[in-house]
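J.: mmCIF, C-alpha atoms, saved as entry-v1.cif, coming up:
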data_upload
#
loop_
_atom_site.label_atom_id
_atom_site.label_comp_id
_atom_site.auth_asym_id
_atom_site.auth_seq_id
_atom_site.Cartn_x
_atom_site.Cartn_y
_atom_site.Cartn_z
CA MET A 24 -125.67 -74.90 -42.19
CA PRO A 25 -124.87 -77.98 -44.26
CA GLU A 26 -121.79 -76.33 -45.82
CA ILE A 27 -120.12 -75.78 -42.45
CA ILE A 28 -121.03 -79.26 -41.20
CA LEU A 29 -119.77 -80.89 -44.41
CA GLY A 30 -116.51 -78.93 -44.36
CA ILE A 31 -115.86 -79.78 -40.70
CA LEU A 32 -116.77 -83.44 -41.24
CA PHE A 33 -114.29 -83.87 -44.11
CA TYR A 34 -111.66 -81.93 -42.17
CA LEU A 35 -112.09 -84.23 -39.16
CA ILE A 36 -111.74 -87.33 -41.36
CA ALA A 37 -108.64 -85.96 -43.14
CA SER A 38 -106.98 -84.72 -39.95
CA THR A 39 -107.65 -88.03 -38.15
CA ILE A 40 -106.02 -89.95 -41.02
CA HIS A 41 -103.17 -87.43 -41.03
CA ILE A 42 -102.57 -87.83 -37.28
CA LEU A 43 -102.78 -91.65 -37.44
CA LYS A 44 -100.40 -91.78 -40.42
CA TYR A 45 -97.96 -89.47 -38.72
CA ARG A 46 -98.09 -91.40 -35.44
CA SER A 47 -97.37 -94.61 -37.34
CA ARG A 48 -94.43 -92.68 -38.93
CA LYS A 49 -95.79 -93.10 -42.46
CA ILE A 50 -95.56 -89.40 -43.22
CA GLY A 51 -92.98 -88.42 -40.62
CA GLN A 52 -90.15 -88.84 -43.11
CA ALA A 53 -91.90 -87.16 -46.06
CA GLY A 54 -91.19 -83.56 -46.99
CA ILE A 55 -93.31 -80.99 -45.20
CA LEU A 56 -95.34 -80.15 -48.31
CA LYS A 57 -95.84 -83.82 -49.22
CA ALA A 58 -97.30 -84.33 -45.75
CA PHE A 59 -100.18 -82.05 -46.81
CA GLY A 60 -101.18 -84.61 -49.46
CA VAL A 61 -103.71 -86.31 -47.18
CA PHE A 62 -105.70 -83.09 -46.92
CA LEU A 63 -105.46 -82.34 -50.65
CA LEU A 64 -106.72 -85.82 -51.53
CA PHE A 65 -110.03 -85.00 -49.86
CA LEU A 66 -110.47 -81.64 -51.62
CA PRO A 67 -112.11 -82.98 -54.80
CA ALA A 68 -114.24 -85.28 -52.64
CA VAL A 69 -115.54 -82.30 -50.65
CA TYR A 70 -116.46 -80.48 -53.86
CA LEU A 71 -118.09 -83.52 -55.51
CA VAL A 72 -120.09 -84.46 -52.41
CA SER A 73 -121.20 -80.82 -52.09
CA ILE A 74 -122.54 -80.92 -55.66
CA PHE A 75 -124.07 -84.37 -55.22
CA LEU A 76 -125.93 -83.64 -51.94
CA PRO A 77 -126.52 -80.78 -53.04
CA VAL A 78 -125.47 -77.91 -50.76
CA ARG A 79 -126.05 -74.29 -51.82
CA TRP A 80 -122.41 -73.18 -51.97
CA PRO A 81 -120.13 -76.08 -53.07
CA LEU A 82 -117.17 -73.91 -54.08
CA SER A 83 -117.26 -72.06 -50.76
CA THR A 84 -117.54 -75.38 -48.90
CA ALA A 85 -114.36 -76.55 -50.65
CA LEU A 86 -112.62 -73.28 -49.73
CA PHE A 87 -113.81 -73.62 -46.13
CA TYR A 88 -112.39 -77.16 -45.98
CA LEU A 89 -109.11 -75.97 -47.52
CA LEU A 90 -108.78 -73.17 -44.96
CA LEU A 91 -109.49 -75.53 -42.05
CA SER A 92 -106.89 -77.97 -43.39
CA GLY A 93 -104.37 -75.22 -44.09
CA THR A 94 -104.66 -73.80 -40.58
CA HIS A 95 -104.37 -77.28 -39.10
CA PHE A 96 -101.29 -77.85 -41.23
CA ILE A 97 -99.61 -74.67 -39.95
CA PHE A 98 -100.08 -75.96 -36.40
CA PHE A 99 -98.77 -79.36 -37.54
CA THR A 100 -95.37 -77.85 -38.50
CA SER A 101 -94.56 -77.67 -34.80
CA PRO A 102 -94.69 -81.45 -34.10
CA TYR A 103 -93.31 -82.13 -37.61
CA LEU A 104 -90.18 -80.09 -36.94
CA GLY A 105 -90.11 -81.23 -33.31
CA ASP A 106 -90.05 -77.62 -32.18
CA GLU A 107 -91.29 -76.21 -28.98
CA GLY A 108 -91.23 -72.48 -29.63
CA PRO A 109 -89.16 -70.65 -27.02
CA SER A 110 -92.01 -68.22 -26.33
CA SER A 111 -94.50 -71.04 -25.65
CA LYS A 112 -91.94 -72.81 -23.49
CA ILE A 113 -91.27 -69.67 -21.41
CA TYR A 114 -94.99 -69.11 -21.06
CA PHE A 115 -95.77 -72.66 -19.85
CA LEU A 116 -92.72 -72.77 -17.58
CA LEU A 117 -93.88 -69.61 -15.81
CA LYS A 118 -97.45 -70.87 -15.74
CA ASN A 119 -96.39 -74.16 -14.11
CA LYS A 120 -93.60 -72.91 -11.84
CA GLY A 121 -95.25 -69.64 -10.82
CA GLN A 122 -92.09 -67.54 -10.99
CA LEU A 123 -88.50 -68.02 -12.10
CA ASP A 124 -85.40 -65.89 -12.27
CA PHE A 125 -83.46 -65.62 -15.51
CA LYS A 126 -80.77 -68.11 -14.46
CA LYS A 127 -83.28 -70.83 -13.55
CA LEU A 128 -85.34 -70.18 -16.66
CA LEU A 129 -82.26 -70.48 -18.85
CA LYS A 130 -81.52 -73.96 -17.48
CA TYR A 131 -84.50 -75.24 -19.48
CA PHE A 132 -82.96 -74.10 -22.79
CA SER A 133 -79.86 -75.09 -24.66
CA ASP A 134 -77.98 -73.83 -27.74
CA GLU A 135 -78.43 -77.28 -29.24
CA GLU A 136 -82.23 -77.12 -28.99
CA LEU A 137 -82.67 -73.48 -29.99
CA VAL A 138 -79.96 -72.87 -32.57
CA VAL A 139 -78.02 -75.96 -33.68
CA LYS A 140 -81.17 -77.97 -34.41
CA ARG A 141 -82.52 -75.12 -36.54
CA ILE A 142 -79.25 -74.85 -38.46
CA ARG A 143 -79.52 -78.59 -39.24
CA ASP A 144 -83.14 -78.13 -40.39
CA LEU A 145 -82.11 -75.28 -42.70
CA GLU A 146 -79.34 -77.46 -44.10
CA ARG A 147 -81.67 -80.44 -44.57
CA SER A 148 -84.28 -78.31 -46.36
CA GLY A 149 -81.61 -77.01 -48.78
CA MET A 150 -81.74 -73.37 -47.59
CA ILE A 151 -78.08 -73.39 -46.57
CA LYS A 152 -75.12 -75.63 -47.30
CA LYS A 153 -71.91 -76.27 -45.45
CA THR A 154 -68.62 -76.07 -47.31
CA ALA A 155 -65.21 -76.09 -45.62
CA GLY A 156 -66.76 -75.59 -42.18
CA SER A 157 -68.80 -72.53 -43.21
CA PHE A 158 -72.48 -72.16 -43.97
CA ARG A 159 -73.64 -70.33 -47.08
CA VAL A 160 -77.16 -69.56 -48.29
CA THR A 161 -78.26 -71.51 -51.39
CA GLY A 162 -80.35 -70.11 -54.25
CA LYS A 163 -83.51 -71.37 -52.54
CA GLY A 164 -82.45 -69.69 -49.29
CA LYS A 165 -81.64 -66.43 -51.10
CA PHE A 166 -85.09 -66.44 -52.68
CA LEU A 167 -86.78 -66.89 -49.29
CA CYS A 168 -84.58 -64.20 -47.74
CA GLY A 169 -85.56 -61.84 -50.57
CA LEU A 170 -89.27 -62.49 -49.97
CA ILE A 171 -88.93 -61.96 -46.23
CA LYS A 172 -86.89 -58.77 -46.74
CA THR A 173 -89.51 -57.35 -49.12
CA TYR A 174 -92.35 -58.21 -46.75
CA ARG A 175 -90.45 -56.70 -43.83
CA ARG A 176 -89.87 -53.51 -45.80
CA LEU A 177 -93.60 -53.32 -46.56
CA LEU A 178 -94.33 -53.54 -42.83
CA ASN A 179 -91.45 -51.28 -41.86
CA TRP A 180 -90.44 -54.12 -39.58
CA GLU A 181 -87.04 -55.02 -38.18
CA LEU A 182 -85.70 -58.56 -38.03
CA GLY A 183 -87.60 -60.94 -35.75
CA GLY A 184 -86.48 -64.11 -34.05
CA MET B 14 -130.62 -65.93 -53.41
CA ILE B 15 -126.95 -65.50 -52.57
CA GLU B 16 -124.72 -67.25 -55.12
CA ASP B 17 -121.83 -69.60 -54.38
CA THR B 18 -119.31 -67.37 -56.16
CA GLU B 19 -120.52 -64.36 -54.12
CA VAL B 20 -119.86 -66.15 -50.82
CA PHE B 21 -116.48 -67.29 -52.15
CA ILE B 22 -115.51 -63.78 -53.34
CA PHE B 23 -116.65 -62.10 -50.12
CA ALA B 24 -114.51 -64.47 -48.02
CA ILE B 25 -111.45 -63.72 -50.19
CA ALA B 26 -112.23 -59.99 -50.27
CA GLY B 27 -112.62 -59.90 -46.47
CA PHE B 28 -109.23 -61.55 -46.08
CA LEU B 29 -107.65 -59.09 -48.54
CA ILE B 30 -109.13 -56.23 -46.51
CA PHE B 31 -107.46 -57.72 -43.41
CA VAL B 32 -104.07 -58.06 -45.14
CA THR B 33 -104.28 -54.51 -46.53
CA LEU B 34 -105.20 -53.07 -43.13
CA HIS B 35 -102.38 -55.07 -41.56
CA LEU B 36 -99.79 -53.87 -44.07
CA VAL B 37 -100.86 -50.23 -43.74
CA ILE B 38 -101.50 -49.99 -39.99
CA PHE B 39 -98.47 -52.04 -38.89
CA ARG B 40 -96.13 -49.45 -40.39
CA TYR B 41 -97.20 -46.98 -37.72
CA ILE B 42 -97.95 -49.01 -34.58
CA ASP B 43 -95.94 -49.41 -31.40
CA LYS B 44 -94.11 -52.65 -32.28
CA ARG B 45 -94.26 -53.83 -28.67
CA LYS B 46 -98.05 -54.12 -28.89
CA VAL B 47 -98.27 -56.58 -31.77
CA PHE B 48 -100.87 -58.95 -30.25
CA VAL B 49 -103.28 -56.15 -29.37
CA TRP B 50 -103.01 -54.57 -32.81
CA LEU B 51 -103.52 -57.88 -34.60
CA ILE B 52 -106.77 -58.36 -32.70
CA ARG B 53 -107.91 -54.78 -33.39
CA ILE B 54 -107.19 -55.14 -37.11
CA PHE B 55 -108.91 -58.52 -37.19
CA PHE B 56 -112.14 -57.04 -35.80
CA LEU B 57 -111.88 -53.93 -37.96
CA GLY B 58 -111.58 -56.15 -41.05
CA MET B 59 -114.55 -58.18 -39.86
CA ILE B 60 -116.70 -55.07 -39.41
CA LEU B 61 -115.76 -53.80 -42.89
CA THR B 62 -116.56 -57.21 -44.40
CA ILE B 63 -119.99 -57.26 -42.74
CA ALA B 64 -120.64 -53.68 -43.90
CA ALA B 65 -119.63 -54.48 -47.50
CA PHE B 66 -121.80 -57.62 -47.43
CA ASN B 67 -124.85 -55.71 -46.17
CA LEU B 68 -124.35 -52.95 -48.72
CA SER B 69 -124.12 -55.48 -51.54
CA PHE B 70 -127.14 -57.55 -50.47
CA ARG B 71 -129.84 -55.08 -49.55
CA ILE B 72 -132.33 -57.85 -48.85
CA PRO B 73 -134.31 -58.36 -45.62
CA PHE B 74 -132.73 -60.50 -42.94
CA SER B 75 -133.20 -64.22 -43.63
CA VAL B 76 -131.69 -67.53 -42.56
CA VAL B 77 -129.86 -67.80 -45.89
CA LYS B 78 -128.37 -64.33 -45.48
CA PHE B 79 -127.26 -65.15 -41.92
CA GLU B 80 -125.77 -68.51 -42.95
CA SER B 81 -123.86 -67.05 -45.87
CA LEU B 82 -122.46 -64.26 -43.69
CA LEU B 83 -121.51 -66.78 -41.00
CA LEU B 84 -119.66 -68.93 -43.55
CA ILE B 85 -117.89 -65.83 -44.93
CA LEU B 86 -116.81 -64.73 -41.45
CA ILE B 87 -115.55 -68.19 -40.50
CA MET B 88 -113.51 -68.33 -43.71
CA TYR B 89 -112.27 -64.78 -43.09
CA SER B 90 -111.16 -65.78 -39.57
CA LEU B 91 -109.39 -68.94 -40.74
CA ALA B 92 -107.59 -67.17 -43.59
CA SER B 93 -106.53 -64.33 -41.27
CA LEU B 94 -105.28 -66.79 -38.64
CA ALA B 95 -103.34 -68.74 -41.27
CA TYR B 96 -101.79 -65.48 -42.54
CA ILE B 97 -100.84 -64.34 -39.03
CA LEU B 98 -99.25 -67.68 -38.16
CA ALA B 99 -97.62 -68.56 -41.45
CA VAL B 100 -96.65 -65.23 -43.00
CA PHE B 101 -96.45 -62.58 -40.32
CA GLY B 102 -95.50 -64.96 -37.48
CA ILE B 103 -92.60 -66.43 -39.41
CA THR B 104 -91.31 -63.00 -40.40
CA ALA B 105 -91.70 -61.56 -36.93
CA THR B 106 -90.57 -64.35 -34.65
CA SER B 107 -89.04 -67.30 -36.50
CA LEU B 108 -85.57 -68.21 -35.29
CA ARG B 109 -84.89 -70.15 -38.47
CA ILE B 110 -85.55 -67.05 -40.58
CA ARG B 111 -83.35 -64.99 -38.30
CA ILE B 112 -80.49 -67.50 -38.62
CA LEU B 113 -81.04 -67.74 -42.40
CA SER B 114 -80.94 -63.93 -42.73
CA PHE B 115 -77.77 -63.80 -40.63
CA ILE B 116 -76.05 -66.36 -42.87
CA SER B 117 -77.22 -64.51 -46.00
CA GLU B 118 -75.53 -61.36 -44.67
CA HIS B 119 -72.21 -63.24 -44.91
CA PRO B 120 -71.76 -64.35 -48.55
CA GLN B 121 -68.22 -65.51 -47.71
CA GLY B 122 -69.73 -68.08 -45.30
CA VAL B 123 -70.18 -68.25 -41.56
CA SER B 124 -69.21 -70.96 -39.07
CA GLU B 125 -71.52 -72.55 -36.51
CA ARG B 126 -69.46 -71.00 -33.73
CA HIS B 127 -69.94 -67.57 -35.29
CA ILE B 128 -73.72 -68.10 -35.47
CA LEU B 129 -73.77 -69.21 -31.84
CA ARG B 130 -71.79 -66.13 -30.84
CA LYS B 131 -74.56 -64.03 -32.32
CA TYR B 132 -77.54 -66.18 -31.29
CA ASP B 133 -77.19 -68.30 -28.19
CA SER B 134 -79.92 -69.55 -25.88
CA SER B 135 -79.30 -66.76 -23.38
CA GLN B 136 -79.74 -64.03 -25.98
CA ILE B 137 -82.85 -65.69 -27.45
CA VAL B 138 -84.56 -66.16 -24.06
CA LYS B 139 -83.65 -62.60 -23.09
CA SER B 140 -85.22 -61.16 -26.25
CA ARG B 141 -88.41 -63.25 -25.78
CA LEU B 142 -88.71 -62.11 -22.16
CA ALA B 143 -88.23 -58.49 -23.24
CA ARG B 144 -90.96 -58.91 -25.86
CA PHE B 145 -93.35 -60.48 -23.33
CA ALA B 146 -92.57 -57.76 -20.79
CA ALA B 147 -93.11 -54.98 -23.35
CA SER B 148 -96.51 -56.37 -24.29
CA GLY B 149 -97.44 -56.69 -20.60
CA GLU B 150 -97.74 -60.50 -20.64
CA ILE B 151 -94.91 -61.02 -18.15
CA VAL B 152 -93.69 -58.92 -15.21
CA LYS B 153 -90.37 -58.97 -13.40
CA ILE B 154 -90.68 -58.60 -9.65
CA LYS B 155 -87.57 -58.73 -7.43
CA GLY B 156 -85.55 -60.36 -10.18
CA LYS B 157 -88.13 -63.06 -10.89
CA TYR B 158 -90.37 -63.36 -13.92
CA ARG B 159 -94.04 -64.26 -13.63
CA LEU B 160 -97.18 -64.09 -15.78
CA ALA B 161 -98.92 -60.74 -15.49
CA LYS B 162 -102.44 -61.79 -16.44
CA ASN B 163 -104.71 -64.73 -15.71
CA PHE B 164 -105.75 -64.93 -19.34
CA PRO B 165 -102.95 -63.54 -21.49
CA LEU B 166 -103.46 -63.03 -25.22
CA PHE B 167 -100.71 -65.52 -25.90
CA LEU B 168 -102.61 -68.30 -24.13
CA LEU B 169 -104.91 -69.48 -26.94
CA PRO B 170 -102.37 -70.06 -29.73
CA ALA B 171 -99.86 -71.47 -27.20
CA LEU B 172 -102.44 -73.93 -25.86
CA PHE B 173 -103.49 -74.97 -29.35
CA PHE B 174 -99.90 -75.49 -30.49
CA ARG B 175 -99.35 -77.63 -27.39
CA PHE B 176 -102.55 -79.59 -28.02
CA ILE B 177 -101.51 -80.37 -31.61
CA PHE B 178 -98.00 -81.23 -30.43
CA ILE B 179 -99.42 -83.86 -28.05
CA LEU B 180 -102.04 -85.03 -30.57
CA TYR B 181 -99.26 -85.96 -32.99
CA GLY B 182 -97.59 -88.09 -30.34
CA ARG B 183 -94.91 -85.63 -29.26
CA LYS B 184 -94.13 -85.08 -25.62
CA PRO B 185 -93.57 -81.48 -24.49
CA SER B 186 -90.37 -81.10 -22.49
CA TYR B 187 -92.00 -78.74 -20.00
#
So that I can check it, write out the structure of this file as structure tokens.
T.:
Amino acid sequence: MPEIILGILFYLIASTIHILKYRSRKIGQAGILKAFGVFLLFLPAVYLVSIFLPVRWPLSTALFYLLLSGTHFIFFTSPYLGDEGPSSKIYFLLKNKGQLDFKKLLKYFSDEELVVKRIRDLERSGMIKKTAGSFRVTGKGKFLCGLIKTYRRLLNWELGG
Amino acid sequence: MIEDTEVFIFAIAGFLIFVTLHLVIFRYIDKRKVFVWLIRIFFLGMILTIAAFNLSFRIPFSVVKFESLLLILIMYSLASLAYILAVFGITATSLRIRILSFISEHPQGVSERHILRKYDSSQIVKSRLARFAASGEIVKIKGKYRLAKNFPLFLLPALFFRFIFILYGRKPSY
């Protein structure tokens, strides 16, 4: 299975560099999509090495590498945004404490962490803007809302969160 | 011999089968059993991909055939996981999207206080607990919440998110 080994090998190299660069704060300040650059840089290398070796399925090896990197990147958004999802937090709190009533559980959460921080992130990413003390959705935000609304309609799904 | 483009196309086709099944089946499911249905659809898509692969390559079993199918199924799994986390997960559970949608419902603008009146930590935790309880992951006994299973479905992604969080030098607050 040289394709799988090659894909994993390149993914491990790219993700190690990505982690090291992030920990040294070299990509911590970059935009979320720019932070994916490390993985994309290796994509042509995966394809060229696959042809050079040669492995049987170079195009598929490149796709495999891209999928590994993409999935890793989705998980990376959590440390990038500094978020601990409320569901994960509830889960680990109950796992560690055994049992908790609602009042005690709530003490581990704050409006600042769950809501205000997310409002700031939306503002920073240009999805909303504040004018005269009120938040309004920008064109970019409206576009995203439209996509989400369409997808939700396709699934017959109500609003999450 | 199985061609490179055939492996590539089968991986994409398998993923498209998964997305189609998801879009069709999720219209009719009990919305409280999301995790279970995602897993069922994932395996159904996998079975259909294997069936389509075997129908297309009516050649005797060989190492090459096994390896190509393995690569297709790994790519199918990764693409499905990425879709669940990035597309469906964001739509279904993201607080940011919920806040963004709330603001978009008020073209005249909405203050932070107004947003907090609608979404505060108490309301968010309550809704997450209700979702966990509905899916059977958490139970409430004598006013206290606890995990219902030793190995809940939520465990794997939660553990992996935590692992990545720590790997990138962040310290979980819990």
J.: I'd like to see the residues matched by the PyMOL selection byres ((chain A and resi 25-31) around 7) on this file, and ideally I'd get them as a PyMOL selection string.
T.: (chain A and resi 24+32-35+78+80+84+87-88) or (chain B and resi 84)
J.: The selected residues should be written to file as an mmCIF file, in the coordinates of the input (atoms: C-alpha atoms).
T.:
data_model
loop_
_atom_site.group_PDB
_atom_site.id
_atom_site.type_symbol
_atom_site.label_atom_id
_atom_site.label_comp_id
_atom_site.auth_asym_id
_atom_site.auth_seq_id
_atom_site.Cartn_x
_atom_site.Cartn_y
_atom_site.Cartn_z
ATOM 1 C CA MET A 24 -125.670 -74.900 -42.190
ATOM 2 C CA LEU A 32 -116.770 -83.440 -41.240
ATOM 3 C CA PHE A 33 -114.290 -83.870 -44.110
ATOM 4 C CA TYR A 34 -111.660 -81.930 -42.170
ATOM 5 C CA LEU A 35 -112.090 -84.230 -39.160
ATOM 6 C CA VAL A 78 -125.470 -77.910 -50.760
ATOM 7 C CA TRP A 80 -122.410 -73.180 -51.970
ATOM 8 C CA THR A 84 -117.540 -75.380 -48.900
ATOM 9 C CA PHE A 87 -113.810 -73.620 -46.130
ATOM 10 C CA TYR A 88 -112.390 -77.160 -45.980
ATOM 11 C CA LEU B 84 -119.660 -68.930 -43.550
#
J.: Do a neighbour search on stretch 150-156 of chain A at 9 Å with only C-alpha atoms, toss out local chain neighbours closer than 2 positions, and write the hits as number ranges by chain.
T.: A: 142, 144-148, 158-165, 167; B: 113, 116-117, 122-125
J.: Please build the interface table for stretch 93-157 of chain B against stretch 112-129 of chain A with a cut-off of 10 Å, listing for each qualifying residue the nearest atom pair and the distance in Å to one decimal; count all atoms listed in the file, order rows by chain and increasing number, and write it as JSON lines.
T.:
{"residue": "B:Ser134", "atom": "CA", "partner": "A:Leu129", "partner_atom": "CA", "distance": 7.5}
{"residue": "B:Ser135", "atom": "CA", "partner": "A:Leu129", "partner_atom": "CA", "distance": 6.6}
{"residue": "B:Gln136", "atom": "CA", "partner": "A:Leu129", "partner_atom": "CA", "distance": 9.9}
{"residue": "B:Ile137", "atom": "CA", "partner": "A:Leu129", "partner_atom": "CA", "distance": 9.9}
{"residue": "B:Val138", "atom": "CA", "partner": "A:Leu129", "partner_atom": "CA", "distance": 7.1}
{"residue": "B:Lys139", "atom": "CA", "partner": "A:Phe125", "partner_atom": "CA", "distance": 8.2}
{"residue": "B:Arg141", "atom": "CA", "partner": "A:Ile113", "partner_atom": "CA", "distance": 8.3}
{"residue": "B:Leu142", "atom": "CA", "partner": "A:Ile113", "partner_atom": "CA", "distance": 8.0}
{"residue": "B:Phe145", "atom": "CA", "partner": "A:Tyr114", "partner_atom": "CA", "distance": 9.1}
{"residue": "B:Glu150", "atom": "CA", "partner": "A:Tyr114", "partner_atom": "CA", "distance": 9.0}
{"residue": "B:Ile151", "atom": "CA", "partner": "A:Tyr114", "partner_atom": "CA", "distance": 8.6}
{"residue": "B:Val152", "atom": "CA", "partner": "A:Gln122", "partner_atom": "CA", "distance": 9.7}
{"residue": "B:Lys153", "atom": "CA", "partner": "A:Asp124", "partner_atom": "CA", "distance": 8.6}
{"residue": "B:Ile154", "atom": "CA", "partner": "A:Gln122", "partner_atom": "CA", "distance": 9.1}
{"residue": "B:Lys155", "atom": "CA", "partner": "A:Asp124", "partner_atom": "CA", "distance": 8.9}
{"residue": "B:Gly156", "atom": "CA", "partner": "A:Asp124", "partner_atom": "CA", "distance": 5.9}
{"residue": "B:Lys157", "atom": "CA", "partner": "A:Asp124", "partner_atom": "CA", "distance": 4.2}
J.: Please indicate the distance in Å from atom CA of B:Leu61 to atom CA of B:Ser90, rounded to one decimal place.
T.: 13.3 Å
J.: When the PyMOL selection byres ((chain B and resi 55) around 10) is applied to the structure above, which residues does it catch, written out as a list in words?
T.: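 After applying the PyMOL selection byres ((chain B and resi 55) around 10), what remains is Phe28, Ile30, Phe31, Val32, Leu34, His35, Val49, Trp50, Leu51, Ile52, Arg53, Ile54, Phe56, Leu57, Gly58, Met59, Ile60, Tyr89, Ser90, Ser93 and Leu94 of chain B.
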J.: Pick out the chain B residues within 7 Å of chain A. Count all atoms listed in the file. Give them as a ChimeraX atom specification.
T.: /B:17,20-21,36,39-40,80,84,88,91-92,95,99,104-109,111,114,116-117,120,122-124,133-135,141,156-160,171,174,177-178,181-183,187
J.: So which residues get picked by the PyMOL selection byres ((chain B and resi 46) around 10) here, written as a list in words?
T.: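 The output of the PyMOL selection byres ((chain B and resi 46) around 10) on this file is Ile42, Asp43, Lys44, Arg45, Val47, Phe48, Val49, Trp50, Leu51, Arg144, Phe145, Ala147, Ser148 and Gly149 of chain B.
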J.: Can I get the selection written as an mmCIF file, keeping the file's coordinate frame, with C-alpha atoms?
T.:
data_model
loop_
_atom_site.group_PDB
_atom_site.id
_atom_site.type_symbol
_atom_site.label_atom_id
_atom_site.label_comp_id
_atom_site.auth_asym_id
_atom_site.auth_seq_id
_atom_site.Cartn_x
_atom_site.Cartn_y
_atom_site.Cartn_z
ATOM 1 C CA ILE B 42 -97.950 -49.010 -34.580
ATOM 2 C CA ASP B 43 -95.940 -49.410 -31.400
ATOM 3 C CA LYS B 44 -94.110 -52.650 -32.280
ATOM 4 C CA ARG B 45 -94.260 -53.830 -28.670
ATOM 5 C CA VAL B 47 -98.270 -56.580 -31.770
ATOM 6 C CA PHE B 48 -100.870 -58.950 -30.250
ATOM 7 C CA VAL B 49 -103.280 -56.150 -29.370
ATOM 8 C CA TRP B 50 -103.010 -54.570 -32.810
ATOM 9 C CA LEU B 51 -103.520 -57.880 -34.600
ATOM 10 C CA ARG B 144 -90.960 -58.910 -25.860
ATOM 11 C CA PHE B 145 -93.350 -60.480 -23.330
ATOM 12 C CA ALA B 147 -93.110 -54.980 -23.350
ATOM 13 C CA SER B 148 -96.510 -56.370 -24.290
ATOM 14 C CA GLY B 149 -97.440 -56.690 -20.600
#
J.: So what do you get for atom CA of B:Phe70 versus atom CA of A:Leu66, distance-wise?
T.: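 Atom-to-atom, atom CA of B:Phe70 and atom CA of A:Leu66 are spaced 29.3 Å apart.
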J.: Separation of atom CA of B:Ile85 and atom CA of B:Gly27, in Å?
T.: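 Separation between atom CA of B:Ile85 and atom CA of B:Gly27: 8.1 Å.
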